Amino acid sequence: MSVSAGRIVELARKELVQLLRDVRTRALIFAAPVIQLLLFGYAVRTDIRDTALFVVDHDRTTTSQELVEAFVTTGAFRLAGTSDRSDALVRALDAGRAVAGLEIPPGFTRAVEAGRPAAVQLLFDGAESNTATVAQGYAVLIVGDYARARAPGGVTVGGVDLRMRAWFNPTLESRIYNVPGVIALLVLLLCLTLTALAVVREREFGTLDQLMVTPLQPPEFLLGKTIPVALIAVVDLAVITVVAVTWFGIPFRAPLLVMLPASLLFILTGIAMGLLISTMAHTQQEAFMTMFLVLLPSIILSGFFYPIASMPVLFQWLTLANPVRHFLAVVRAAFLRGEGLEGLWVEVTALAIIGIATMGAARWRLRHGSGAT
Amino acid sequence: MTWRRLWAVARKESIQLRRDPRSLALAFAIPALLLVLFGYAISLDVRNLDLAVLDQSRSEASRRLVSTFTSSGYFRVVAQLEAAAEVATTLERGRALLVLTIPPDFEHRLAGGGGAPVQILLDGSDANTATIARNYAQAIVAGFQGAAGPLVEPRTRIWYNETLESRNTIVPGLIAVIMSIIAAMLTALTIAREWERGTMEQLAATPVRRSEVVLGKLLPYVAIGIVDVVAAVLAGRLVFDVPLRGSVVLLAGLSLLFLVAALSWGLFVSAALKSQLLATQAALLTTYLPALLLSGFIFSIAAMPLTLQLATLIVPARYFVAITRGIFLKDVGLAVLWPEALALLVFAVGAVGLALRSFRKQLA
């Protein structure tokens, strides 16, 4: 029996109606992603700002006060408390009231004014290693600048004058880098939730058996399930991209020639993953849990928060099978660098291969697993 | 409420769990499996950043500057550029994260004492890594400045995690995040399933009360959750050697409190929505991304805008992340963690209350 376009359209129409009929589902599909983007767009910041700094100043002079001010005026630190006792700093770090600590020893001013070396103690809460790493870098720079400004003879004598510029994101604003990642995440989540239960639900209700006795072919069945979700996902992706660009001011330099095929392939891959999970599961509970088992690694091992270059080599290879990794690479390059297809065809091809392989597996499972209950 | 009926519901739920052995296996396997996977895979320790060098000076001093970069361990030279025209393409193609340009008169001006300019361009499209790279580069150049030691020497120490090993913070936080997500997932379908399959009508015909149903359904999942937490903590301790400095008893007690809160939230979602499809989506929406992004696990809560900081107050994972990190790394007790413990208690009581309220035995 050959594949019929008429039957596909009919099934797709029925699925679309079923999806959009329920007001709660409509809210989940269309409102939730926008709300989540607005929420998480504000959350995904890794540049440090207002890091709580606790100061123990044993010296208490204007000179030591200037060092404290040097920390605060950068905006990277905010004064969370001061004391003249060292154990207050310990308690502040323990309680999480401060993430960084600065201890200025007695005699600091005299040493600085006499041109003798003075030492200050910097403490960081390593339990937040992310913040600690970045804050430590800032703090060392601030102290260095402070010292150079007071060095006899001025700043640049015999020194190197470093001029640093960041391309593509001059202020190194981390939100610009992370919001495209959130977009990828929301789209994947949508595709998976709308498809992971799709087949197994029909199996649990027994309607799959009814479908099996109709002339409907497995590819028609899969396409009929895919098309409505793909339509919804494309609409959602467009909407949240517009919100990201207008609300968060994320630069969108992406050529459509890259974004369009990459987005479509990513959406299809997400749907194929969901359908594969659904055809393999015996119960909705199982499908739900498998989805979770797949979703978290897809996010954590995508390079979204944790750089792939920092992973062990074996895992770097494993991430090649992760569609989110490739889509993220495309989205970031296209959004921020305006890179064209010639620089990104590897990622787009990888998405195509993963998508086709996953859909093929789902088709195979549907034919061979339909006897299971 | 009788214990006999409550026990009967719990037993019935356990039998049902055993009949879906694959879901049960997933429930036990997921936390430890993911923890081991991520514990090995992820790290924030930035080393060997790709540096391209355009050395127009080709002098002893310029070579010394470059070797200061490489010997720090933070940078490795991936390309020696020949012409200024290559700088742009190197960054655009992503062949290097930074390009260091040393002008022809570098040595001359360094000797002349006029301040020798060098330029570093970095790829800001990965802002996280770029920020760290920028700070490293500045510190390295500052260290290159001259033989005379710095006037004020910062002595840096990292507490709780001396080597800034990112695994030590990731693993305790990850235990909290994984448990937040899996807990809601375990219970989100239980009541909705009974509605969909029509077994709720049968349950309604029995004398069992709603508090017995809710608590009876909760019990087996609390048991699974305890096994999960124990497995995850053991994996963190034995596989990754993450120090567990604080009280194990306190960790156990607060984990239990957290499990009751998160599992009851799942039950509430299930009872309120009565559809497995909707319950799945609602559970994911309310726990998955909030636990990942709003808990302080990855993104520091202090850096968020104030309104969002307030919003994180209703994310239970936030308190659990603080608790696991506090007990694992900081060796703090209830004297410090009481606000978190109190918040979890409020959540637990609130979620059980919501689950009870929304669960109506009466058929519509």
# chains A, B, ... in the order shown; residues from 1 in each chain; ligands from 1
>>> select_by_dssp(residues="region 156-367 of chain A", states="strand (DSSP E)", output="NGL selection string")
:A and (160-167)
>>> write_last_selection(atoms="N, CA and C atoms", output="JSON list (two decimals), in the first residue's frame")
[["chain", "number", "residue", "atom", "x", "y", "z"],
["A", 160, "VAL", "N", 53.69, 47.13, 30.49],
["A", 160, "VAL", "CA", 52.96, 46.78, 29.28],
["A", 160, "VAL", "C", 51.59, 47.42, 29.37],
["A", 161, "ASP", "N", 51.19, 48.07, 28.32],
["A", 161, "ASP", "CA", 49.89, 48.72, 28.29],
["A", 161, "ASP", "C", 48.93, 47.81, 27.53],
["A", 162, "LEU", "N", 48.11, 47.08, 28.29],
["A", 162, "LEU", "CA", 47.26, 46.07, 27.66],
["A", 162, "LEU", "C", 45.97, 46.69, 27.16],
["A", 163, "ARG", "N", 45.68, 46.50, 25.88],
["A", 163, "ARG", "CA", 44.41, 46.97, 25.33],
["A", 163, "ARG", "C", 43.59, 45.76, 24.95],
["A", 164, "MET", "N", 42.44, 45.63, 25.60],
["A", 164, "MET", "CA", 41.67, 44.42, 25.40],
["A", 164, "MET", "C", 40.31, 44.77, 24.83],
["A", 165, "ARG", "N", 39.87, 44.00, 23.84],
["A", 165, "ARG", "CA", 38.55, 44.22, 23.27],
["A", 165, "ARG", "C", 37.89, 42.89, 23.00],
["A", 166, "ALA", "N", 36.61, 42.79, 23.32],
["A", 166, "ALA", "CA", 35.88, 41.56, 23.02],
["A", 166, "ALA", "C", 35.04, 41.78, 21.78],
["A", 167, "TRP", "N", 35.14, 40.85, 20.88],
["A", 167, "TRP", "CA", 34.35, 40.95, 19.65],
["A", 167, "TRP", "C", 33.00, 40.28, 19.84]]
>>> residues_around(residues="Glu107 (chain B)", least_positions_apart="5", cutoff="8 Å", atoms="only C-alpha atoms", output="PDB file with N, CA and C atoms, in the first residue's frame")
ATOM      1  N   SER B  57      56.841  41.702  16.648  1.00  0.00           N
ATOM      2  CA  SER B  57      58.081  42.176  17.255  1.00  0.00           C
ATOM      3  C   SER B  57      59.206  41.166  17.069  1.00  0.00           C
ATOM      4  N   SER B  59      60.929  39.441  19.085  1.00  0.00           N
ATOM      5  CA  SER B  59      62.080  39.802  19.901  1.00  0.00           C
ATOM      6  C   SER B  59      62.129  38.885  21.112  1.00  0.00           C
ATOM      7  N   GLU B  60      63.173  39.032  21.867  1.00  0.00           N
ATOM      8  CA  GLU B  60      63.323  38.262  23.091  1.00  0.00           C
ATOM      9  C   GLU B  60      62.165  38.596  24.045  1.00  0.00           C
ATOM     10  N   ALA B  61      61.843  39.890  24.140  1.00  0.00           N
ATOM     11  CA  ALA B  61      60.803  40.315  25.073  1.00  0.00           C
ATOM     12  C   ALA B  61      59.432  39.785  24.668  1.00  0.00           C
ATOM     13  N   SER B  62      59.129  39.789  23.368  1.00  0.00           N
ATOM     14  CA  SER B  62      57.818  39.322  22.934  1.00  0.00           C
ATOM     15  C   SER B  62      57.686  37.821  23.166  1.00  0.00           C
ATOM     16  N   ALA B 116      54.566  49.832  26.702  1.00  0.00           N
ATOM     17  CA  ALA B 116      54.502  49.172  25.402  1.00  0.00           C
ATOM     18  C   ALA B 116      53.110  48.602  25.181  1.00  0.00           C
TER      19      ALA B 116
END
>>> atom_distance(atom1="CA of Leu186 (chain A)", atom2="CA of Leu292 (chain B)")
12.8 Å
>>> residues_around(residues="Leu273 (chain B)", least_positions_apart="3", cutoff="12 Å", atoms="only C-alpha atoms", output="VMD selection string")
(chain A and resid 24 to 25) or (chain B and resid 188 to 196 266 to 270 276 to 283 355 358 to 360)
>>> write_last_selection(atoms="N, CA and C atoms", output="tab-separated table (two decimals), in the first residue's frame")
chain	number	residue	atom	x	y	z
A	24	ARG	N	-6.39	24.52	28.57
A	24	ARG	CA	-5.20	24.39	29.40
A	24	ARG	C	-3.99	24.01	28.55
A	25	THR	N	-4.22	23.13	27.57
A	25	THR	CA	-3.12	22.75	26.69
A	25	THR	C	-2.69	23.94	25.85
B	188	ALA	N	3.52	12.61	39.74
B	188	ALA	CA	2.63	13.46	38.93
B	188	ALA	C	1.57	12.66	38.18
B	189	LEU	N	1.83	11.39	37.92
B	189	LEU	CA	0.86	10.64	37.13
B	189	LEU	C	-0.05	9.75	37.96
B	190	THR	N	0.28	9.56	39.25
B	190	THR	CA	-0.42	8.50	39.99
B	190	THR	C	-1.93	8.69	40.07
B	191	ILE	N	-2.38	9.88	40.43
B	191	ILE	CA	-3.83	10.06	40.58
B	191	ILE	C	-4.49	10.26	39.22
B	192	ALA	N	-3.78	11.01	38.33
B	192	ALA	CA	-4.32	11.21	36.98
B	192	ALA	C	-4.54	9.87	36.28
B	193	ARG	N	-3.63	8.93	36.54
B	193	ARG	CA	-3.73	7.60	35.92
B	193	ARG	C	-5.02	6.91	36.36
B	194	GLU	N	-5.31	7.04	37.64
B	194	GLU	CA	-6.54	6.39	38.14
B	194	GLU	C	-7.78	7.01	37.51
B	195	TRP	N	-7.75	8.31	37.30
B	195	TRP	CA	-8.88	8.95	36.65
B	195	TRP	C	-9.00	8.47	35.22
B	196	GLU	N	-7.87	8.41	34.51
B	196	GLU	CA	-7.93	8.04	33.10
B	196	GLU	C	-8.36	6.59	32.92
B	266	GLY	N	3.80	16.86	43.31
B	266	GLY	CA	3.44	16.00	42.18
B	266	GLY	C	2.03	15.45	42.34
B	267	LEU	N	1.70	15.02	43.55
B	267	LEU	CA	0.35	14.49	43.81
B	267	LEU	C	-0.70	15.56	43.57
B	268	PHE	N	-0.40	16.77	44.02
B	268	PHE	CA	-1.35	17.87	43.85
B	268	PHE	C	-1.61	18.12	42.36
B	269	VAL	N	-0.52	18.18	41.59
B	269	VAL	CA	-0.66	18.41	40.15
B	269	VAL	C	-1.52	17.32	39.53
B	270	SER	N	-1.24	16.09	39.96
B	270	SER	CA	-1.95	14.94	39.42
B	270	SER	C	-3.44	15.00	39.76
B	276	GLN	N	-3.03	12.62	32.44
B	276	GLN	CA	-1.60	12.33	32.51
B	276	GLN	C	-0.81	13.28	31.62
B	277	LEU	N	-1.40	13.61	30.46
B	277	LEU	CA	-0.70	14.50	29.53
B	277	LEU	C	-0.48	15.87	30.16
B	278	LEU	N	-1.57	16.42	30.71
B	278	LEU	CA	-1.46	17.75	31.32
B	278	LEU	C	-0.58	17.72	32.56
B	279	ALA	N	-0.70	16.63	33.34
B	279	ALA	CA	0.10	16.54	34.57
B	279	ALA	C	1.59	16.49	34.23
B	280	THR	N	1.91	15.76	33.16
B	280	THR	CA	3.31	15.71	32.73
B	280	THR	C	3.82	17.10	32.45
B	281	GLN	N	3.04	17.83	31.65
B	281	GLN	CA	3.49	19.15	31.24
B	281	GLN	C	3.58	20.09	32.42
B	282	ALA	N	2.58	20.02	33.29
B	282	ALA	CA	2.59	20.93	34.44
B	282	ALA	C	3.75	20.60	35.37
B	283	ALA	N	4.01	19.31	35.56
B	283	ALA	CA	5.11	18.93	36.45
B	283	ALA	C	6.44	19.41	35.89
B	355	ALA	N	-2.59	18.95	48.07
B	355	ALA	CA	-2.94	17.65	47.50
B	355	ALA	C	-4.24	17.15	48.11
B	358	SER	N	-7.25	19.27	46.74
B	358	SER	CA	-7.63	19.15	45.33
B	358	SER	C	-8.11	17.74	45.01
B	359	PHE	N	-7.89	16.82	45.94
B	359	PHE	CA	-8.29	15.45	45.67
B	359	PHE	C	-9.72	15.23	46.13
B	360	ARG	N	-10.59	15.13	45.19
B	360	ARG	CA	-11.98	14.90	45.53
B	360	ARG	C	-12.35	13.49	45.12
>>> closest_residue(among="B:Gly225, B:Gly198, B:Gly326, B:Pro220", to="chain A", atoms="only C-alpha atoms")
B:Gly326
>>> residues_around(residues="region 99-102 of chain B", least_positions_apart="2", cutoff="10 Å", atoms="only C-alpha atoms", output="ChimeraX atom specification")
/A:163-164 /B:50-59,62-63,65-66,77,79-81,84,86-88,90-91,95-97,104-107,116-123,137
>>> write_last_selection(atoms="C-alpha atoms", output="PDB file, in the first residue's frame")
ATOM      1  CA  ARG A 163      44.410  46.968  25.329  1.00  0.00           C
ATOM      2  CA  MET A 164      41.667  44.417  25.399  1.00  0.00           C
TER       3      MET A 164
ATOM      4  CA  ASP B  50      43.047  28.619  22.533  1.00  0.00           C
ATOM      5  CA  LEU B  51      45.354  31.560  21.908  1.00  0.00           C
ATOM      6  CA  ALA B  52      46.557  32.806  18.531  1.00  0.00           C
ATOM      7  CA  VAL B  53      49.612  35.044  18.453  1.00  0.00           C
ATOM      8  CA  LEU B  54      50.538  37.713  15.945  1.00  0.00           C
ATOM      9  CA  ASP B  55      54.088  38.522  16.971  1.00  0.00           C
ATOM     10  CA  GLN B  56      55.304  41.415  14.845  1.00  0.00           C
ATOM     11  CA  SER B  57      58.081  42.176  17.255  1.00  0.00           C
ATOM     12  CA  ARG B  58      59.841  38.806  17.060  1.00  0.00           C
ATOM     13  CA  SER B  59      62.080  39.802  19.901  1.00  0.00           C
ATOM     14  CA  SER B  62      57.818  39.322  22.934  1.00  0.00           C
ATOM     15  CA  ARG B  63      58.762  35.656  23.201  1.00  0.00           C
ATOM     16  CA  LEU B  65      55.505  37.567  27.045  1.00  0.00           C
ATOM     17  CA  VAL B  66      54.079  34.675  25.011  1.00  0.00           C
ATOM     18  CA  VAL B  77      49.116  28.709  21.460  1.00  0.00           C
ATOM     19  CA  ALA B  79      48.277  29.422  15.797  1.00  0.00           C
ATOM     20  CA  GLN B  80      51.108  31.789  14.950  1.00  0.00           C
ATOM     21  CA  LEU B  81      49.648  34.402  12.640  1.00  0.00           C
ATOM     22  CA  ALA B  84      47.185  41.402  10.634  1.00  0.00           C
ATOM     23  CA  GLU B  86      44.416  36.922   9.624  1.00  0.00           C
ATOM     24  CA  VAL B  87      43.261  38.231  13.001  1.00  0.00           C
ATOM     25  CA  ALA B  88      39.655  38.768  12.000  1.00  0.00           C
ATOM     26  CA  THR B  90      40.809  33.578  13.131  1.00  0.00           C
ATOM     27  CA  LEU B  91      38.138  34.888  15.492  1.00  0.00           C
ATOM     28  CA  ARG B  95      39.936  28.960  15.463  1.00  0.00           C
ATOM     29  CA  ALA B  96      41.043  30.725  18.610  1.00  0.00           C
ATOM     30  CA  LEU B  97      39.331  32.370  21.556  1.00  0.00           C
ATOM     31  CA  PRO B 104      56.892  45.671  15.986  1.00  0.00           C
ATOM     32  CA  ASP B 105      58.242  48.257  18.422  1.00  0.00           C
ATOM     33  CA  PHE B 106      57.268  46.266  21.537  1.00  0.00           C
ATOM     34  CA  GLU B 107      60.766  45.560  22.832  1.00  0.00           C
ATOM     35  CA  ALA B 116      54.502  49.172  25.402  1.00  0.00           C
ATOM     36  CA  PRO B 117      51.048  48.576  23.946  1.00  0.00           C
ATOM     37  CA  VAL B 118      49.895  45.028  23.238  1.00  0.00           C
ATOM     38  CA  GLN B 119      46.448  44.168  22.015  1.00  0.00           C
ATOM     39  CA  ILE B 120      44.233  41.252  22.897  1.00  0.00           C
ATOM     40  CA  LEU B 121      41.058  40.573  20.970  1.00  0.00           C
ATOM     41  CA  LEU B 122      38.765  37.947  22.348  1.00  0.00           C
ATOM     42  CA  ASP B 123      35.740  36.139  21.068  1.00  0.00           C
ATOM     43  CA  ALA B 137      45.052  37.552  30.549  1.00  0.00           C
TER      44      ALA B 137
END
>>> atom_distance(atom1="CA of Ala76 (chain A)", atom2="CA of Glu173 (chain A)")
13.0 Å
>>> select_by_dssp(residues="region 153-349 of chain A", states="helix (DSSP H, G or I)", output="ChimeraX atom specification")
/A:174-195,198-205,207-212,218-247,256-280,284-300,308-310,313-321,323-337,341-349
>>> residues_around(residues="Ile42 (chain B)", least_positions_apart="3", cutoff="7 Å", atoms="only C-alpha atoms", output="PyMOL selection string")
(chain A and resi 306+311) or (chain B and resi 38-39)
>>> residues_around(residues="Val3 (chain A)", least_positions_apart="3", cutoff="10 Å", atoms="only C-alpha atoms", output="PyMOL selection string")
chain A and resi 6-8+215-220
>>> atom_distance(atom1="CA of Pro243 (chain B)", atom2="CA of Leu33 (chain B)")
19.7 Å
>>> closest_residue(among="A:Glu339, A:Glu113, A:Glu286, A:Asp84", to="chain B", atoms="only C-alpha atoms")
A:Glu286
>>> closest_residue(among="A:Val72, A:Leu79, A:Leu20, A:Val120", to="chain B", atoms="only C-alpha atoms")
A:Val120
>>> residues_around(residues="Ala127 (chain B)", least_positions_apart="5", cutoff="10 Å", atoms="only C-alpha atoms", output="ChimeraX atom specification")
/A:45-47,166,168-178 /B:122,132-133
>>> write_last_selection(atoms="N, CA and C atoms", output="mmCIF file, in the first residue's frame")
data_model
loop_
_atom_site.group_PDB
_atom_site.id
_atom_site.type_symbol
_atom_site.label_atom_id
_atom_site.label_comp_id
_atom_site.auth_asym_id
_atom_site.auth_seq_id
_atom_site.Cartn_x
_atom_site.Cartn_y
_atom_site.Cartn_z
ATOM 1 N N ARG A 45 22.429 34.635 34.037
ATOM 2 C CA ARG A 45 23.551 35.551 33.987
ATOM 3 C C ARG A 45 24.716 34.942 34.727
ATOM 4 N N THR A 46 25.850 34.878 34.090
ATOM 5 C CA THR A 46 27.004 34.313 34.767
ATOM 6 C C THR A 46 28.031 35.389 35.078
ATOM 7 N N ASP A 47 27.892 36.572 34.478
ATOM 8 C CA ASP A 47 28.811 37.627 34.864
ATOM 9 C C ASP A 47 28.424 38.059 36.271
ATOM 10 N N ALA A 166 36.611 42.792 23.321
ATOM 11 C CA ALA A 166 35.881 41.562 23.025
ATOM 12 C C ALA A 166 35.044 41.779 21.778
ATOM 13 N N PHE A 168 32.086 40.629 19.009
ATOM 14 C CA PHE A 168 30.745 40.019 18.908
ATOM 15 C C PHE A 168 29.884 40.331 20.124
ATOM 16 N N ASN A 169 30.501 40.652 21.257
ATOM 17 C CA ASN A 169 29.754 40.884 22.483
ATOM 18 C C ASN A 169 30.658 41.739 23.356
ATOM 19 N N PRO A 170 30.802 43.015 22.979
ATOM 20 C CA PRO A 170 31.845 43.858 23.563
ATOM 21 C C PRO A 170 31.787 43.990 25.078
ATOM 22 N N THR A 171 30.568 43.974 25.658
ATOM 23 C CA THR A 171 30.488 44.140 27.101
ATOM 24 C C THR A 171 30.587 42.804 27.818
ATOM 25 N N LEU A 172 30.753 41.728 27.056
ATOM 26 C CA LEU A 172 30.788 40.377 27.622
ATOM 27 C C LEU A 172 29.547 40.104 28.469
ATOM 28 N N GLU A 173 28.445 40.650 28.036
ATOM 29 C CA GLU A 173 27.175 40.438 28.715
ATOM 30 C C GLU A 173 26.786 38.973 28.529
ATOM 31 N N SER A 174 26.681 38.240 29.647
ATOM 32 C CA SER A 174 26.462 36.802 29.512
ATOM 33 C C SER A 174 25.044 36.477 29.068
ATOM 34 N N ARG A 175 24.124 37.418 29.277
ATOM 35 C CA ARG A 175 22.749 37.137 28.892
ATOM 36 C C ARG A 175 22.634 36.955 27.372
ATOM 37 N N ILE A 176 23.391 37.778 26.649
ATOM 38 C CA ILE A 176 23.364 37.691 25.193
ATOM 39 C C ILE A 176 23.799 36.305 24.731
ATOM 40 N N TYR A 177 24.670 35.726 25.512
ATOM 41 C CA TYR A 177 25.188 34.406 25.172
ATOM 42 C C TYR A 177 24.220 33.314 25.606
ATOM 43 N N ASN A 178 23.570 33.519 26.740
ATOM 44 C CA ASN A 178 22.766 32.448 27.321
ATOM 45 C C ASN A 178 21.317 32.397 26.850
ATOM 46 N N LEU B 122 39.309 39.249 22.000
ATOM 47 C CA LEU B 122 38.765 37.947 22.348
ATOM 48 C C LEU B 122 37.357 37.762 21.829
ATOM 49 N N ILE B 132 36.334 34.783 31.950
ATOM 50 C CA ILE B 132 37.418 34.134 32.697
ATOM 51 C C ILE B 132 38.738 34.334 31.956
ATOM 52 N N ALA B 133 38.729 34.195 30.635
ATOM 53 C CA ALA B 133 39.945 34.361 29.843
ATOM 54 C C ALA B 133 40.477 35.785 29.986
#
